[in-house]
Amino acid sequence: SSGKPVKFEVRMNTHSVELSYDMVTVSILKDDQGSEYRARVWNGSPPGGHHRSGQLEFPAMANGTKSVTLYLKNISGVPERIFEWKIE
């Protein structure tokens with residue numbers, strides 16, 4: 001909804017590495033208008049272990065945004081994981 005924080009449900013499962021990342025630090029959201037948003041809050045399982053889930057929250061986006069891209073950086077040796085959504 002316009003003017004409200006943007007929230008993503010995130011789940012990670014692995015048996016090869018410890019998921020000891022600060023999700024706020026490794027997450028960036030970009031919109032189609034060139035704006036970049038830093039995560040504000042991670043409401044979920046703490047760092048560590050092989051399974052993590054929670055909600056990642058970003059500030060409200062600019063009006064008129066038509067698509068967003070979520071970047072998760074440097075998790076498990078992968079420089080960047082990219083997830084894209086169109087907003088209708």
# chains A, B, ... in the order shown; residues from 1 in each chain; ligands from 1
>>> residues_around(residues="Asp32 of chain A", least_positions_apart="4", cutoff="8 Å", atoms="only C-alpha atoms", output="list in words")
Thr65, Lys66, Ser67 and Val68 of chain A
>>> select_by_dssp(residues="chain A", states="alpha helix (DSSP H)", output="PDB file with N, CA, C and O atoms, in the first residue's frame")
ATOM      1  N   MET A  23      20.569  -9.630   8.490  1.00  0.00           N
ATOM      2  CA  MET A  23      19.703  -9.453   7.333  1.00  0.00           C
ATOM      3  C   MET A  23      19.480  -7.983   6.976  1.00  0.00           C
ATOM      4  O   MET A  23      19.300  -7.656   5.811  1.00  0.00           O
ATOM      5  N   VAL A  24      19.495  -7.091   7.941  1.00  0.00           N
ATOM      6  CA  VAL A  24      19.338  -5.655   7.658  1.00  0.00           C
ATOM      7  C   VAL A  24      20.539  -5.152   6.862  1.00  0.00           C
ATOM      8  O   VAL A  24      20.396  -4.390   5.917  1.00  0.00           O
ATOM      9  N   THR A  25      21.718  -5.608   7.208  1.00  0.00           N
ATOM     10  CA  THR A  25      22.947  -5.159   6.557  1.00  0.00           C
ATOM     11  C   THR A  25      23.086  -5.680   5.134  1.00  0.00           C
ATOM     12  O   THR A  25      23.573  -4.963   4.258  1.00  0.00           O
ATOM     13  N   VAL A  26      22.652  -6.902   4.869  1.00  0.00           N
ATOM     14  CA  VAL A  26      22.872  -7.513   3.551  1.00  0.00           C
ATOM     15  C   VAL A  26      21.745  -7.249   2.560  1.00  0.00           C
ATOM     16  O   VAL A  26      21.799  -7.710   1.427  1.00  0.00           O
TER      17      VAL A  26
END
>>> atom_distance(atom1="atom CA of Asn74 of chain A", atom2="atom CA of Met12 of chain A")
13.8 Å
>>> select_by_dssp(residues="chain A", states="strand (DSSP E)", output="number ranges by chain")
A: 6-13, 27-31, 36-38, 41-44, 51-58, 67-75, 78-86
>>> write_last_selection(atoms="N, CA and C atoms", output="CSV table (one decimal), in the first residue's frame")
chain,number,residue,atom,x,y,z
A,6,VAL,N,7.4,-1.4,3.3
A,6,VAL,CA,7.4,-2.5,2.4
A,6,VAL,C,8.0,-3.7,3.2
A,7,LYS,N,7.2,-4.8,3.2
A,7,LYS,CA,7.6,-6.0,4.0
A,7,LYS,C,7.7,-7.2,3.1
A,8,PHE,N,8.8,-8.0,3.3
A,8,PHE,CA,9.0,-9.3,2.6
A,8,PHE,C,9.1,-10.4,3.6
A,9,GLU,N,8.4,-11.5,3.3
A,9,GLU,CA,8.6,-12.7,4.1
A,9,GLU,C,9.9,-13.4,3.4
A,10,VAL,N,10.8,-13.8,4.3
A,10,VAL,CA,12.1,-14.4,3.8
A,10,VAL,C,12.3,-15.7,4.5
A,11,ARG,N,12.6,-16.8,3.8
A,11,ARG,CA,13.0,-18.1,4.3
A,11,ARG,C,14.2,-18.6,3.7
A,12,MET,N,15.2,-19.0,4.5
A,12,MET,CA,16.4,-19.6,4.0
A,12,MET,C,16.6,-20.9,4.6
A,13,ASN,N,17.0,-21.9,3.8
A,13,ASN,CA,17.3,-23.3,4.3
A,13,ASN,C,18.6,-23.8,3.6
A,27,SER,N,20.7,-6.5,2.9
A,27,SER,CA,19.5,-6.3,2.1
A,27,SER,C,19.4,-4.9,1.6
A,28,ILE,N,19.1,-4.8,0.3
A,28,ILE,CA,18.9,-3.5,-0.3
A,28,ILE,C,17.6,-3.6,-1.3
A,29,LEU,N,16.8,-2.6,-1.3
A,29,LEU,CA,15.6,-2.6,-2.2
A,29,LEU,C,15.8,-1.4,-3.1
A,30,LYS,N,15.6,-1.7,-4.4
A,30,LYS,CA,15.6,-0.6,-5.4
A,30,LYS,C,14.3,-0.6,-6.2
A,31,ASP,N,13.9,0.6,-6.6
A,31,ASP,CA,12.7,0.7,-7.4
A,31,ASP,C,13.0,1.2,-8.8
A,36,GLU,N,16.9,3.9,-3.9
A,36,GLU,CA,17.4,2.8,-3.1
A,36,GLU,C,17.0,2.9,-1.7
A,37,TYR,N,16.6,1.8,-1.1
A,37,TYR,CA,16.1,1.8,0.2
A,37,TYR,C,16.9,0.7,1.1
A,38,ARG,N,17.3,1.1,2.2
A,38,ARG,CA,18.0,0.2,3.1
A,38,ARG,C,16.9,-0.4,4.1
A,41,VAL,N,14.3,-3.1,9.5
A,41,VAL,CA,14.1,-4.1,10.6
A,41,VAL,C,14.1,-5.5,10.0
A,42,TRP,N,14.6,-6.5,10.8
A,42,TRP,CA,14.5,-7.9,10.5
A,42,TRP,C,13.7,-8.4,11.7
A,43,ASN,N,12.5,-8.9,11.5
A,43,ASN,CA,11.7,-9.5,12.6
A,43,ASN,C,11.7,-11.0,12.3
A,44,GLY,N,12.7,-11.7,12.8
A,44,GLY,CA,12.7,-13.2,12.5
A,44,GLY,C,13.8,-13.8,13.4
A,51,HIS,N,18.6,-22.8,9.1
A,51,HIS,CA,17.3,-22.4,8.7
A,51,HIS,C,16.9,-21.1,9.4
A,52,ARG,N,16.5,-20.1,8.6
A,52,ARG,CA,16.1,-18.8,9.1
A,52,ARG,C,14.8,-18.4,8.4
A,53,SER,N,14.0,-17.7,9.1
A,53,SER,CA,12.8,-17.1,8.5
A,53,SER,C,12.4,-15.9,9.2
A,54,GLY,N,11.7,-15.0,8.5
A,54,GLY,CA,11.3,-13.8,9.2
A,54,GLY,C,10.8,-12.8,8.2
A,55,GLN,N,10.6,-11.6,8.7
A,55,GLN,CA,10.0,-10.5,7.8
A,55,GLN,C,11.1,-9.4,7.8
A,56,LEU,N,11.4,-9.0,6.5
A,56,LEU,CA,12.3,-7.9,6.3
A,56,LEU,C,11.5,-6.7,5.9
A,57,GLU,N,11.8,-5.6,6.6
A,57,GLU,CA,11.0,-4.3,6.5
A,57,GLU,C,11.8,-3.2,5.9
A,58,PHE,N,11.3,-2.5,4.9
A,58,PHE,CA,11.9,-1.3,4.3
A,58,PHE,C,11.0,-0.1,4.5
A,67,SER,N,7.9,-1.3,-10.2
A,67,SER,CA,8.6,-2.5,-10.0
A,67,SER,C,9.7,-2.3,-8.9
A,68,VAL,N,10.0,-3.4,-8.2
A,68,VAL,CA,11.0,-3.3,-7.2
A,68,VAL,C,12.0,-4.5,-7.4
A,69,THR,N,13.2,-4.3,-6.9
A,69,THR,CA,14.2,-5.4,-7.0
A,69,THR,C,14.8,-5.5,-5.6
A,70,LEU,N,14.8,-6.7,-5.0
A,70,LEU,CA,15.4,-6.9,-3.7
A,70,LEU,C,16.8,-7.6,-3.9
A,71,TYR,N,17.8,-7.0,-3.3
A,71,TYR,CA,19.2,-7.6,-3.4
A,71,TYR,C,19.6,-8.1,-2.1
A,72,LEU,N,20.0,-9.4,-2.0
A,72,LEU,CA,20.6,-9.9,-0.8
A,72,LEU,C,22.1,-10.2,-1.1
A,73,LYS,N,23.0,-9.5,-0.4
A,73,LYS,CA,24.4,-9.5,-0.8
A,73,LYS,C,25.2,-10.4,0.1
A,74,ASN,N,26.2,-11.1,-0.6
A,74,ASN,CA,27.2,-11.9,0.1
A,74,ASN,C,26.7,-12.9,1.1
A,75,ILE,N,25.7,-13.7,0.7
A,75,ILE,CA,25.2,-14.8,1.5
A,75,ILE,C,25.8,-16.1,0.9
A,78,VAL,N,27.9,-16.1,-2.4
A,78,VAL,CA,27.3,-15.5,-3.6
A,78,VAL,C,27.2,-14.0,-3.5
A,79,PRO,N,27.9,-13.3,-4.4
A,79,PRO,CA,28.0,-11.8,-4.3
A,79,PRO,C,26.6,-11.1,-4.2
A,80,GLU,N,25.6,-11.6,-5.0
A,80,GLU,CA,24.4,-10.9,-5.0
A,80,GLU,C,23.2,-11.9,-5.5
A,81,ARG,N,22.2,-12.0,-4.7
A,81,ARG,CA,21.0,-12.7,-5.1
A,81,ARG,C,19.9,-11.7,-5.4
A,82,ILE,N,19.2,-11.8,-6.5
A,82,ILE,CA,18.3,-10.8,-7.0
A,82,ILE,C,16.9,-11.3,-7.2
A,83,PHE,N,15.9,-10.6,-6.6
A,83,PHE,CA,14.5,-11.0,-6.7
A,83,PHE,C,13.8,-9.8,-7.2
A,84,GLU,N,12.9,-9.9,-8.3
A,84,GLU,CA,12.2,-8.8,-8.9
A,84,GLU,C,10.7,-9.0,-8.8
A,85,TRP,N,10.0,-7.9,-8.6
A,85,TRP,CA,8.5,-8.0,-8.7
A,85,TRP,C,8.0,-6.8,-9.4
A,86,LYS,N,6.9,-7.0,-10.2
A,86,LYS,CA,6.2,-5.9,-10.8
A,86,LYS,C,5.0,-5.5,-9.8
>>> residues_around(residues="Pro5 of chain A", least_positions_apart="4", cutoff="10 Å", atoms="only C-alpha atoms", output="ChimeraX atom specification")
/A:1,40,57-61
>>> residues_around(residues="Ala62 of chain A", least_positions_apart="6", cutoff="9 Å", atoms="only C-alpha atoms", output="list in words")
Ser2, Gly3, Asp31, Gln33 and Ser35 of chain A
>>> closest_atom_pairs(of="segment 34-57 of chain A", to="segment 14-19 of chain A", cutoff="6 Å", atoms="only C-alpha atoms", output="tab-separated table")
residue	atom	partner	partner_atom	distance
A:Gly48	CA	A:Leu19	CA	4.9
A:Gly49	CA	A:Glu18	CA	5.2
A:His50	CA	A:Thr14	CA	5.2
